[in-house]
>>> print(open('target.cif').read())   # mmCIF, C-alpha atoms
data_run
loop_
_atom_site.label_atom_id
_atom_site.label_comp_id
_atom_site.auth_asym_id
_atom_site.auth_seq_id
_atom_site.Cartn_x
_atom_site.Cartn_y
_atom_site.Cartn_z
CA MET A 808 210.58 -76.73 168.18
CA GLN A 809 209.17 -80.13 167.16
CA ILE A 810 210.85 -81.48 164.01
CA THR A 811 208.60 -83.69 161.90
CA LYS A 812 209.44 -85.83 158.89
CA THR A 813 207.39 -88.09 156.62
CA ILE A 814 208.41 -91.74 156.52
CA LEU A 815 207.09 -94.14 153.87
CA SER A 816 207.74 -97.79 154.57
CA LEU A 817 207.04 -100.99 152.65
CA GLU A 818 207.10 -103.13 155.76
CA GLN A 819 206.05 -106.41 157.35
CA ALA A 820 207.13 -108.78 160.13
CA LEU A 821 209.13 -107.09 162.93
CA ALA A 822 212.57 -105.71 162.01
CA LEU A 823 211.36 -102.76 159.94
CA PRO A 824 208.09 -102.07 161.81
CA TYR A 825 210.22 -101.83 164.97
CA ALA A 826 212.50 -99.29 163.26
CA THR A 827 209.63 -97.14 162.03
CA GLN A 828 207.94 -97.38 165.43
CA ARG A 829 210.89 -95.40 166.76
CA PHE A 830 210.14 -92.65 164.22
CA ALA A 831 206.50 -92.65 165.35
CA GLN A 832 207.73 -92.18 168.91
CA LEU A 833 209.42 -88.98 167.75
CA GLY A 834 206.06 -87.71 166.54
CA TRP A 835 206.99 -88.15 162.87
CA ARG A 836 204.49 -89.26 160.27
CA VAL A 837 204.90 -92.94 159.38
CA ILE A 838 202.90 -94.43 156.50
CA ARG A 839 203.20 -98.18 156.04
CA ILE A 840 202.58 -99.73 152.61
CA GLU A 841 201.08 -103.20 152.15
CA MET A 842 199.71 -105.27 149.29
CA PRO A 843 195.95 -104.85 148.75
CA ASP A 844 193.43 -107.64 149.14
CA GLU A 845 193.30 -109.60 145.89
CA GLY A 846 190.82 -112.17 147.17
CA LYS A 847 193.51 -114.76 147.85
CA GLY A 848 193.29 -114.92 151.63
CA ASN A 849 194.86 -112.72 154.32
CA ALA A 850 196.33 -109.62 152.68
CA GLY A 851 199.13 -107.33 153.77
CA ASP A 852 201.52 -107.94 156.65
CA PRO A 853 201.27 -111.58 157.85
CA ASN A 854 201.79 -110.34 161.41
CA ARG A 855 198.32 -108.77 161.27
CA TYR A 856 196.87 -112.26 161.70
CA ILE A 857 199.09 -113.54 164.52
CA GLY A 858 198.12 -113.58 168.20
CA SER A 859 194.88 -112.87 170.02
CA ASP A 860 191.85 -111.89 167.95
CA LEU A 861 190.78 -108.31 168.73
CA GLY A 862 187.52 -108.56 166.81
CA TYR A 863 188.92 -107.72 163.37
CA ASN A 864 190.55 -110.25 161.07
CA ASP A 865 193.39 -107.85 160.15
CA LEU A 866 194.10 -106.62 163.68
CA HIS A 867 195.51 -109.33 165.96
CA SER A 868 197.59 -108.73 169.07
CA TYR A 869 201.10 -109.54 167.73
CA TYR A 870 200.79 -106.75 165.18
CA ILE A 871 199.74 -104.03 167.64
CA ALA A 872 202.85 -102.96 169.59
CA PRO A 873 205.28 -102.22 166.70
CA ASN A 874 202.69 -100.33 164.67
CA ILE A 875 200.92 -97.86 166.94
CA GLY A 876 200.94 -94.24 165.82
CA LYS A 877 201.22 -95.16 162.12
CA GLU A 878 199.02 -94.84 159.04
CA ALA A 879 198.44 -97.65 156.52
CA ILE A 880 197.82 -97.68 152.80
CA THR A 881 197.62 -100.48 150.25
CA LEU A 882 199.48 -100.34 146.96
CA ASN A 883 200.00 -103.07 144.37
CA LEU A 884 203.59 -102.54 143.32
CA LYS A 885 203.52 -105.53 140.98
CA LYS A 886 201.65 -103.30 138.53
CA LYS A 887 203.11 -100.32 136.70
CA GLU A 888 200.22 -98.09 137.76
CA GLY A 889 200.99 -98.89 141.38
CA GLN A 890 204.67 -98.04 140.91
CA ASP A 891 203.78 -94.74 139.26
CA LEU A 892 201.44 -93.95 142.13
CA LEU A 893 204.27 -94.60 144.62
CA LEU A 894 206.40 -91.97 142.88
CA LYS A 895 203.47 -89.54 142.98
CA ILE A 896 203.03 -90.08 146.72
CA ILE A 897 206.74 -89.45 147.36
CA ARG A 898 206.60 -86.29 145.29
CA GLU A 899 203.29 -84.84 146.48
CA LEU A 900 203.65 -85.72 150.18
CA LYS A 901 207.31 -84.61 150.18
CA VAL A 902 208.41 -87.94 151.65
CA ASP A 903 211.76 -87.66 153.43
CA VAL A 904 212.56 -91.35 153.94
CA PHE A 905 211.61 -94.58 152.18
CA LEU A 906 212.29 -97.93 153.87
CA CYS A 907 211.63 -101.54 152.91
CA ASN A 908 212.38 -105.05 154.15
CA THR A 909 211.59 -107.16 151.12
CA LEU A 910 214.08 -109.37 149.26
CA PRO A 911 216.70 -107.27 147.43
CA LYS A 912 215.97 -109.11 144.17
CA ARG A 913 212.52 -107.47 144.24
CA TYR A 914 213.73 -103.88 144.55
CA GLN A 915 213.77 -103.22 140.80
CA GLN A 916 210.86 -105.59 140.09
CA LEU A 917 208.62 -103.53 142.38
CA GLY A 918 210.07 -100.17 141.35
CA ILE A 919 211.29 -99.42 144.88
CA ASP A 920 215.05 -99.27 144.27
CA TYR A 921 216.89 -96.11 145.24
CA LYS A 922 217.62 -95.01 141.67
CA THR A 923 213.95 -95.16 140.72
CA LEU A 924 212.50 -93.51 143.83
CA SER A 925 215.08 -90.73 143.97
CA GLN A 926 213.62 -89.47 140.70
CA ALA A 927 210.64 -88.31 142.74
CA ASN A 928 212.84 -86.73 145.42
CA PRO A 929 216.60 -86.27 144.85
CA ASP A 930 217.04 -85.76 148.60
CA LEU A 931 215.30 -89.01 149.51
CA ILE A 932 216.94 -91.18 152.15
CA TRP A 933 216.44 -94.82 151.14
CA CYS A 934 216.99 -97.73 153.54
CA GLY A 935 216.53 -101.45 152.98
CA ILE A 936 216.79 -104.22 155.58
CA SER A 937 217.60 -107.70 154.30
CA ALA A 938 219.06 -110.96 155.59
CA LEU A 939 222.59 -110.65 154.20
CA GLY A 940 222.51 -107.41 152.24
CA PRO A 941 222.07 -106.78 148.48
CA GLU A 942 224.99 -109.09 147.63
CA TYR A 943 222.65 -111.98 148.48
CA PRO A 944 219.49 -110.74 146.75
CA ASP A 945 217.33 -113.87 147.13
CA ARG A 946 218.29 -114.83 150.69
CA ALA A 947 215.32 -114.65 153.09
CA GLY A 948 215.98 -113.98 156.74
CA TYR A 949 213.87 -114.76 159.78
CA ASP A 950 215.18 -114.15 163.25
CA PRO A 951 215.34 -117.73 164.60
CA ALA A 952 217.19 -119.03 161.54
CA LEU A 953 219.59 -116.10 161.61
CA GLN A 954 220.26 -116.71 165.31
CA ALA A 955 221.29 -120.23 164.36
CA LEU A 956 223.40 -119.03 161.41
CA LEU A 957 225.24 -116.37 163.40
CA GLY A 958 226.14 -118.43 166.48
CA TYR A 959 223.54 -117.09 168.92
CA THR A 960 221.78 -120.44 169.20
CA PHE A 961 225.09 -122.25 169.61
CA LEU A 962 226.01 -119.99 172.52
CA THR A 963 222.65 -120.07 174.32
CA GLY A 964 221.36 -122.84 176.60
CA GLU A 965 222.63 -125.26 179.20
CA LYS A 966 226.10 -126.68 178.75
CA ASP A 967 224.92 -130.24 178.07
CA GLY A 968 221.51 -129.30 176.65
CA MET A 969 220.05 -128.38 173.29
CA PRO A 970 221.14 -125.13 171.62
CA VAL A 971 218.30 -122.60 171.88
CA PRO A 972 217.59 -119.13 170.47
CA CYS A 973 217.32 -116.05 172.65
CA GLY A 974 213.89 -115.56 174.24
CA ILE A 975 213.19 -112.45 172.14
CA PRO A 976 213.80 -111.80 168.39
CA ILE A 977 217.04 -110.02 169.15
CA ILE A 978 218.39 -109.87 165.57
CA ASP A 979 215.15 -108.35 164.25
CA LEU A 980 215.36 -105.69 166.94
CA LYS A 981 219.07 -104.99 166.45
CA ALA A 982 218.54 -104.57 162.69
CA GLY A 983 215.59 -102.23 163.32
CA ASP A 984 217.64 -100.09 165.69
CA GLU A 985 220.49 -99.95 163.17
CA ALA A 986 218.14 -98.82 160.39
CA PHE A 987 216.77 -96.09 162.65
CA THR A 988 220.29 -94.97 163.59
CA GLN A 989 221.63 -94.87 160.03
CA VAL A 990 218.62 -92.89 158.78
CA ILE A 991 219.10 -90.32 161.55
CA LEU A 992 222.81 -90.06 160.69
CA ALA A 993 221.92 -89.54 157.02
CA MET A 994 219.57 -86.71 158.03
CA MET A 995 222.39 -85.11 160.01
CA GLU A 996 224.63 -85.29 156.93
CA GLN A 997 221.99 -83.43 154.94
CA GLN A 998 222.44 -80.43 157.23
CA SER A 999 225.82 -79.78 155.59
CA LYS A 1000 225.27 -81.18 152.09
CA SER A 1001 222.24 -81.79 149.93
CA GLY A 1002 221.33 -85.04 148.21
CA GLY A 1003 219.85 -88.37 149.11
CA LYS A 1004 221.45 -91.52 150.45
CA GLU A 1005 221.13 -95.26 149.85
CA ILE A 1006 221.47 -97.42 152.99
CA HIS A 1007 221.58 -101.21 153.15
CA ILE A 1008 221.20 -102.97 156.50
CA SER A 1009 222.40 -106.58 156.67
CA MET A 1010 220.71 -108.40 159.54
CA ALA A 1011 223.60 -110.87 159.57
CA GLN A 1012 226.23 -108.17 159.89
CA CYS A 1013 224.22 -106.50 162.65
CA ALA A 1014 224.05 -109.79 164.53
CA ALA A 1015 227.74 -110.58 164.06
CA SER A 1016 228.69 -107.13 165.37
CA TRP A 1017 227.27 -108.18 168.73
CA LEU A 1018 229.60 -111.19 168.91
CA ILE A 1019 232.24 -108.83 170.28
CA THR A 1020 232.95 -111.12 173.26
CA ALA A 1021 233.01 -114.29 171.13
CA LEU A 1022 234.52 -113.77 167.65
CA PRO A 1023 237.73 -112.04 168.87
CA GLN A 1024 238.51 -115.15 170.92
CA LEU A 1025 239.57 -116.87 167.72
CA GLU A 1026 242.68 -114.67 167.73
CA PHE A 1027 243.62 -115.21 171.35
CA VAL A 1028 242.97 -118.81 172.40
CA LYS A 1029 245.48 -121.64 172.15
CA SER A 1030 242.92 -124.29 171.18
CA ASP A 1031 239.26 -124.67 170.22
CA ALA A 1032 238.61 -126.11 173.68
CA GLU A 1033 238.97 -122.58 175.08
CA LEU A 1034 236.32 -121.09 172.81
CA HIS A 1035 232.94 -120.06 174.22
CA THR A 1036 230.16 -122.61 174.11
CA ARG A 1037 226.83 -122.85 175.93
CA SER A 1038 227.20 -121.94 179.58
CA GLY A 1039 223.70 -121.78 181.03
CA ASN A 1040 223.29 -118.94 183.50
CA GLU A 1041 226.94 -118.40 184.31
CA HIS A 1042 229.03 -115.61 182.86
CA ARG A 1043 231.79 -116.99 180.67
CA SER A 1044 234.49 -114.68 182.03
CA PHE A 1045 233.50 -113.33 185.44
CA ILE A 1046 233.13 -115.65 188.43
CA PRO A 1047 230.76 -116.05 190.26
CA CYS A 1048 228.05 -114.50 188.04
CA ASN A 1049 225.15 -116.96 188.08
CA ALA A 1050 221.55 -117.66 189.06
CA TYR A 1051 220.90 -119.24 192.45
CA PRO A 1052 217.81 -120.76 194.11
CA THR A 1053 216.01 -118.99 196.96
CA LYS A 1054 213.11 -120.02 199.19
CA ASP A 1055 210.61 -118.60 196.70
CA GLY A 1056 212.34 -118.34 193.33
CA TYR A 1057 215.71 -117.48 191.85
CA VAL A 1058 218.16 -114.63 192.18
CA TYR A 1059 220.98 -113.54 189.90
CA LEU A 1060 224.17 -112.31 191.52
CA ALA A 1061 226.79 -110.69 189.29
CA ILE A 1062 230.20 -110.20 190.87
CA GLY A 1063 232.41 -108.48 188.34
CA ASN A 1064 235.76 -107.98 190.08
CA ASP A 1065 237.94 -109.06 192.98
CA LEU A 1066 236.95 -106.12 195.20
CA GLN A 1067 233.27 -107.08 194.93
CA TRP A 1068 234.14 -110.69 195.77
CA ASP A 1069 236.00 -109.52 198.87
CA LYS A 1070 233.07 -107.34 199.90
CA PHE A 1071 230.65 -110.24 199.42
CA THR A 1072 232.71 -112.79 201.35
CA THR A 1073 233.30 -110.54 204.36
CA GLN A 1074 229.56 -110.44 205.13
CA LYS A 1075 228.33 -112.45 208.08
CA GLY A 1076 227.42 -115.95 206.97
CA PHE A 1077 229.48 -115.76 203.79
CA GLU A 1078 232.97 -115.80 205.25
CA HIS A 1079 233.53 -119.49 204.56
CA LEU A 1080 233.42 -118.80 200.81
CA ALA A 1081 236.70 -116.91 200.98
CA ASN A 1082 240.12 -118.47 200.89
CA GLU A 1083 243.49 -117.56 199.45
CA SER A 1084 242.98 -119.64 196.30
CA ARG A 1085 239.85 -117.67 195.39
CA LYS A 1086 241.14 -114.13 195.73
CA THR A 1087 241.41 -113.47 191.98
CA ASN A 1088 238.94 -114.05 189.18
CA ALA A 1089 241.43 -116.27 187.37
CA ARG A 1090 241.78 -118.50 190.42
CA ARG A 1091 238.03 -118.56 191.04
CA MET A 1092 237.58 -119.77 187.46
CA LEU A 1093 239.44 -122.95 188.42
CA ASP A 1094 237.03 -123.62 191.30
CA LYS A 1095 233.84 -122.18 189.87
CA GLU A 1096 231.61 -125.27 190.20
CA ASN A 1097 232.27 -125.52 193.94
CA ILE A 1098 231.73 -121.78 194.34
CA TYR A 1099 228.38 -121.94 192.56
CA GLN A 1100 227.26 -124.84 194.74
CA GLU A 1101 228.35 -123.16 197.96
CA ILE A 1102 226.61 -119.86 197.13
CA GLY A 1103 223.46 -121.77 196.18
CA SER A 1104 223.47 -123.55 199.56
CA ILE A 1105 223.40 -120.08 201.17
CA THR A 1106 220.81 -118.38 198.97
CA LYS A 1107 218.25 -121.15 199.44
CA ASN A 1108 217.97 -120.08 203.10
CA TYR A 1109 216.78 -116.60 202.06
CA THR A 1110 213.71 -115.35 200.28
CA THR A 1111 214.54 -113.65 197.01
CA GLN A 1112 213.81 -110.21 198.43
CA GLU A 1113 215.90 -110.83 201.56
CA PHE A 1114 218.95 -111.81 199.52
CA VAL A 1115 218.48 -108.94 197.08
CA ASP A 1116 218.24 -106.45 199.96
CA LEU A 1117 221.36 -107.87 201.58
CA CYS A 1118 223.43 -107.53 198.40
CA LEU A 1119 222.07 -104.11 197.47
CA ALA A 1120 223.07 -102.86 200.93
CA ILE A 1121 226.72 -103.46 199.98
CA ASN A 1122 226.28 -102.16 196.40
CA LEU A 1123 226.51 -105.46 194.59
CA SER A 1124 224.72 -106.08 191.31
CA VAL A 1125 221.87 -108.42 192.10
CA ALA A 1126 218.34 -109.01 190.84
CA PRO A 1127 215.39 -111.35 191.21
CA VAL A 1128 214.75 -113.54 188.15
CA ASN A 1129 211.49 -111.85 187.24
CA SER A 1130 208.71 -113.10 185.02
CA VAL A 1131 207.47 -110.79 182.26
CA LYS A 1132 204.39 -110.05 184.39
CA GLU A 1133 206.64 -109.01 187.27
CA VAL A 1134 208.67 -106.79 184.93
CA SER A 1135 205.48 -104.97 183.92
CA LYS A 1136 204.96 -104.01 187.56
CA LEU A 1137 208.40 -102.48 188.09
CA GLU A 1138 207.81 -98.80 188.84
CA PHE A 1139 210.49 -97.52 186.45
CA ILE A 1140 208.95 -99.59 183.64
CA ALA A 1141 205.26 -99.11 184.43
CA ASP A 1142 205.68 -95.31 184.47
CA CYS A 1143 206.77 -95.14 180.82
CA MET A 1144 204.79 -97.90 179.11
CA MET A 1145 203.55 -97.11 175.61
CA LYS A 1146 199.74 -97.20 175.45
CA THR A 1147 197.04 -97.30 172.80
CA SER A 1148 193.25 -97.45 172.71
CA LEU A 1149 191.98 -100.67 171.14
CA PRO A 1150 188.84 -100.72 168.95
CA ASN A 1151 186.78 -101.92 171.92
CA GLY A 1152 187.80 -98.84 173.91
CA LYS A 1153 190.21 -100.60 176.24
CA VAL A 1154 193.54 -98.83 176.81
CA ALA A 1155 196.30 -101.42 176.35
CA LYS A 1156 199.74 -101.03 177.94
CA LEU A 1157 202.43 -102.37 175.62
CA SER A 1158 206.16 -101.84 176.26
CA PRO A 1159 208.32 -98.82 177.04
CA PRO A 1160 210.26 -96.88 174.41
CA SER A 1161 214.03 -97.20 174.52
CA TYR A 1162 214.20 -93.45 175.12
CA THR A 1163 211.63 -91.00 176.43
CA THR A 1164 211.07 -88.24 173.89
CA GLU A 1165 209.45 -84.88 174.53
CA PHE A 1166 206.67 -85.89 172.13
CA LEU A 1167 205.88 -89.01 174.17
CA GLU A 1168 205.82 -87.11 177.46
CA GLU A 1169 203.45 -84.54 175.99
CA ASN A 1170 201.13 -87.35 174.86
CA ASP A 1171 201.35 -89.41 178.05
CA PHE A 1172 203.08 -92.21 176.09
CA GLU A 1173 199.90 -92.92 174.11
CA LEU A 1174 199.75 -93.30 170.31
CA SER A 1175 196.81 -94.12 168.05
CA CYS A 1176 195.95 -97.77 167.56
CA SER A 1177 197.80 -99.68 164.86
CA PRO A 1178 196.00 -99.07 161.56
CA ARG A 1179 193.85 -101.62 159.80
CA LEU A 1180 194.76 -102.69 156.28
CA GLY A 1181 194.53 -99.64 154.00
CA GLU A 1182 192.80 -97.58 156.70
CA GLN A 1183 194.27 -94.29 155.45
CA ASN A 1184 193.87 -94.93 151.71
CA ASP A 1185 191.35 -92.14 151.18
CA LYS A 1186 193.36 -89.67 153.24
CA VAL A 1187 196.82 -90.34 151.78
CA PHE A 1188 195.77 -90.73 148.15
CA GLY A 1189 193.65 -87.63 148.50
CA GLU A 1190 196.71 -85.71 149.68
CA ALA A 1191 198.54 -87.05 146.62
CA GLY A 1192 195.92 -85.33 144.44
CA LEU A 1193 193.58 -88.21 143.61
CA SER A 1194 189.83 -87.65 143.59
CA ALA A 1195 187.39 -89.94 145.35
CA VAL A 1196 186.34 -91.31 141.96
CA GLU A 1197 189.96 -92.14 141.08
CA VAL A 1198 190.48 -93.85 144.44
CA ARG A 1199 187.41 -96.05 143.88
CA ARG A 1200 188.65 -96.95 140.38
CA LEU A 1201 192.04 -97.96 141.78
CA GLU A 1202 190.33 -100.14 144.38
CA GLU A 1203 188.27 -101.90 141.73
CA ALA A 1204 191.42 -102.50 139.65
CA HIS A 1205 193.24 -103.91 142.76
CA ILE A 1206 195.91 -101.20 142.48
CA ILE A 1207 195.06 -100.15 146.03
#
>>> encode(input="target.cif", output="structure tokens")
Amino acid sequence: MQITKTILSLEQALALPYATQRFAQLGWRVIRIEMPDEGKGNAGDPNRYIGSDLGYNDLHSYYIAPNIGKEAITLNLKKKEGQDLLLKIIRELKVDVFLCNTLPKRYQQLGIDYKTLSQANPDLIWCGISALGPEYPDRAGYDPALQALLGYTFLTGEKDGMPVPCGIPIIDLKAGDEAFTQVILAMMEQQSKSGGKEIHISMAQCAASWLITALPQLEFVKSDAELHTRSGNEHRSFIPCNAYPTKDGYVYLAIGNDLQWDKFTTQKGFEHLANESRKTNARRMLDKENIYQEIGSITKNYTTQEFVDLCLAINLSVAPVNSVKEVSKLEFIADCMMKTSLPNGKVAKLSPPSYTTEFLEENDFELSCSPRLGEQNDKVFGEAGLSAVEVRRLEEAHII
């Protein structure tokens, strides 16, 4: 039996839209709230206006992928009438979950704090994503700056080069996944006891939790010189995990233990890599630069596919260094790509879900196109009991 819930989300940017996209992939109803157009320029989520123009000012490419399968309404929460209307929507639509990713100092100002909204539904699950949590109510948080703050940028890049952030907004995505997980756990708790729950997701804490191979070092090293710094493509602990040149690109070989090293160095043409001083990972660490150079002098005589096939034949972990375009053509990725029909009729392939749900399989991984600003105003406010005349009045008053 398909379980469905109603999610109401005051969202923008990526962290929270990514979280609520996961609910949409379950087949749940997700309604995103944005500020209405007040005649002061681009309204609503700033991400609507980023990327390729799809023929509508409020529907650019960067906004599409995290928002397919959702509905969108506008609501001016700076005004008391807008706040009252939010409570009415929660009550009349029997909203199960409310989420937001605005500054914590605005929760009470906008009437979106847990205490206020739970008046409309005592069983409401409330979840807020913020940079550092409610203890830092006016601290904004964008992924690149948080990567710098939390050590990701310090740890990423070439040893003697500039520090650089990860190639994807990894902290946004981690925070979104954590919000999704904690909401699901709260729903499980409700199976044994009634009542709502207030959840606060700190993007910084989420990011720091992933420093599980870096922060604990502080307790175990003898000097700061032993602490992790930038290390390019090499693994900081396992040798020889690294990227190597081939005739037509690059390949990444990850050897994770001494048995794999022995297997690798007993292959024809690789025997000269082995010697007694390299039998253990600890000893290979002392000679890693020479090992990297010697392996690279071998791989450059192979095409990428030839070297990958050779290593896979002996069950080593190896991969070509693929471009994003090449990733899109991998069979196990291409078969489960999320899709949506754009306004011009073109079906766009986006990215795969992290998990294939029954709902997605039944719908061939396709969800409706990301909604335009306020696209479902008439529908949602009508469900909340407002007449068409009332909806028009609210539009004229810039409440919606």
>>> resolve_selection(input="target.cif", expression="the PyMOL selection byres ((chain A and resi 966) around 12)", output="list in words")
Phe961, Leu962, Thr963, Gly964, Glu965, Asp967, Gly968, Met969, Pro970, Val971, His1035, Thr1036, Arg1037, Ser1038, Gly1039, Asn1040, Glu1041 and Arg1043 of chain A
>>> resolve_selection(input="target.cif", expression="the PyMOL selection byres ((chain A and resi 1190) around 12)", output="PyMOL selection string")
chain A and resi 895-901+1183-1189+1191-1195+1198
>>> closest_residue(input="target.cif", among="A:Gly858, A:Gly918, A:Pro1178, A:Pro1160", to="Glu888 of chain A", atoms="all atoms listed in the file")
A:Gly918
>>> resolve_selection(input="target.cif", expression="the PyMOL selection byres ((chain A and resi 1064-1067) around 8)", output="number ranges by chain")
A: 1045, 1062-1063, 1068-1071, 1086-1088, 1123
>>> closest_residue(input="target.cif", among="A:Thr1020, A:Gln998, A:Gln915, A:Ser859", to="Tyr959 of chain A", atoms="only C-alpha atoms")
A:Thr1020
>>> residues_around(input="target.cif", residues="Thr909 of chain A", least_positions_apart="5", cutoff="8 Å", atoms="all atoms listed in the file", output="list in words")
Leu817, Glu818, Tyr914, Gly935, Ile936 and Ser937 of chain A
>>> closest_residue(input="target.cif", among="A:Ser816, A:Asn1122, A:Gln832, A:Gln926", to="Asn1170 of chain A", atoms="all atoms listed in the file")
A:Gln832
>>> closest_atom_pairs(input="target.cif", of="segment 1071-1171 of chain A", to="segment 824-828 of chain A", cutoff="12 Å", atoms="only C-alpha atoms", output="JSON lines")
{"residue": "A:Met1145", "atom": "CA", "partner": "A:Gln828", "partner_atom": "CA", "distance": 11.1}
{"residue": "A:Ser1158", "atom": "CA", "partner": "A:Gln828", "partner_atom": "CA", "distance": 11.8}
{"residue": "A:Pro1159", "atom": "CA", "partner": "A:Gln828", "partner_atom": "CA", "distance": 11.7}
{"residue": "A:Pro1160", "atom": "CA", "partner": "A:Gln828", "partner_atom": "CA", "distance": 9.3}
{"residue": "A:Ser1161", "atom": "CA", "partner": "A:Gln828", "partner_atom": "CA", "distance": 10.9}
>>> closest_residue(input="target.cif", among="A:Tyr949, A:Pro1047, A:Gln997, A:Ile880", to="Leu893 of chain A", atoms="only C-alpha atoms")
A:Ile880
>>> atom_distance(input="target.cif", atom1="atom CA of Leu1093 of chain A", atom2="atom CA of Ala1081 of chain A")
14.2 Å
>>> closest_residue(input="target.cif", among="A:Ser1175, A:Thr1163, A:Asn908, A:Thr1053", to="Ile1006 of chain A", atoms="all atoms listed in the file")
A:Asn908
>>> atom_distance(input="target.cif", atom1="atom CA of Ile838 of chain A", atom2="atom CA of Lys877 of chain A")
5.9 Å
>>> residues_near_point(input="target.cif", point="(231.0, -119.5, 161.8)", cutoff="10 Å", atoms="all atoms listed in the file", output="ChimeraX atom specification")
/A:956-958,1015,1022
>>> atom_distance(input="target.cif", atom1="atom CA of Leu821 of chain A", atom2="atom CA of Asp979 of chain A")
6.3 Å
>>> closest_residue(input="target.cif", among="A:Lys1054, A:Arg855, A:Arg1199, A:Lys1153", to="Thr1110 of chain A", atoms="all atoms listed in the file")
A:Lys1054
>>> axis_aligned_box(input="target.cif", around="segment 878-895 of chain A", padding_each_side="6 Å", output="lines of an AutoDock Vina configuration file")
center_x = 202.0
center_y = -97.5
center_z = 147.9
size_x = 20.8
size_y = 28.0
size_z = 34.3
>>> residues_around(input="target.cif", residues="Ile978 of chain A", least_positions_apart="5", cutoff="12 Å", atoms="all atoms listed in the file", output="PDB file with C-alpha atoms, in the frame of the given file")
ATOM      1  CA  LEU A 821     209.130-107.090 162.930  1.00  0.00           C
ATOM      2  CA  ALA A 822     212.570-105.710 162.010  1.00  0.00           C
ATOM      3  CA  LEU A 823     211.360-102.760 159.940  1.00  0.00           C
ATOM      4  CA  TYR A 825     210.220-101.830 164.970  1.00  0.00           C
ATOM      5  CA  ILE A 936     216.790-104.220 155.580  1.00  0.00           C
ATOM      6  CA  SER A 937     217.600-107.700 154.300  1.00  0.00           C
ATOM      7  CA  ALA A 938     219.060-110.960 155.590  1.00  0.00           C
ATOM      8  CA  GLY A 948     215.980-113.980 156.740  1.00  0.00           C
ATOM      9  CA  TYR A 949     213.870-114.760 159.780  1.00  0.00           C
ATOM     10  CA  ASP A 950     215.180-114.150 163.250  1.00  0.00           C
ATOM     11  CA  PRO A 951     215.340-117.730 164.600  1.00  0.00           C
ATOM     12  CA  ALA A 952     217.190-119.030 161.540  1.00  0.00           C
ATOM     13  CA  LEU A 953     219.590-116.100 161.610  1.00  0.00           C
ATOM     14  CA  GLN A 954     220.260-116.710 165.310  1.00  0.00           C
ATOM     15  CA  ALA A 955     221.290-120.230 164.360  1.00  0.00           C
ATOM     16  CA  LEU A 956     223.400-119.030 161.410  1.00  0.00           C
ATOM     17  CA  LEU A 957     225.240-116.370 163.400  1.00  0.00           C
ATOM     18  CA  GLY A 958     226.140-118.430 166.480  1.00  0.00           C
ATOM     19  CA  TYR A 959     223.540-117.090 168.920  1.00  0.00           C
ATOM     20  CA  THR A 960     221.780-120.440 169.200  1.00  0.00           C
ATOM     21  CA  PRO A 972     217.590-119.130 170.470  1.00  0.00           C
ATOM     22  CA  CYS A 973     217.320-116.050 172.650  1.00  0.00           C
ATOM     23  CA  GLY A 983     215.590-102.230 163.320  1.00  0.00           C
ATOM     24  CA  ASP A 984     217.640-100.090 165.690  1.00  0.00           C
ATOM     25  CA  GLU A 985     220.490 -99.950 163.170  1.00  0.00           C
ATOM     26  CA  ILE A1008     221.200-102.970 156.500  1.00  0.00           C
ATOM     27  CA  SER A1009     222.400-106.580 156.670  1.00  0.00           C
ATOM     28  CA  MET A1010     220.710-108.400 159.540  1.00  0.00           C
ATOM     29  CA  ALA A1011     223.600-110.870 159.570  1.00  0.00           C
ATOM     30  CA  GLN A1012     226.230-108.170 159.890  1.00  0.00           C
ATOM     31  CA  CYS A1013     224.220-106.500 162.650  1.00  0.00           C
ATOM     32  CA  ALA A1014     224.050-109.790 164.530  1.00  0.00           C
ATOM     33  CA  ALA A1015     227.740-110.580 164.060  1.00  0.00           C
ATOM     34  CA  SER A1016     228.690-107.130 165.370  1.00  0.00           C
ATOM     35  CA  TRP A1017     227.270-108.180 168.730  1.00  0.00           C
ATOM     36  CA  LEU A1018     229.600-111.190 168.910  1.00  0.00           C
TER      37      LEU A1018
END
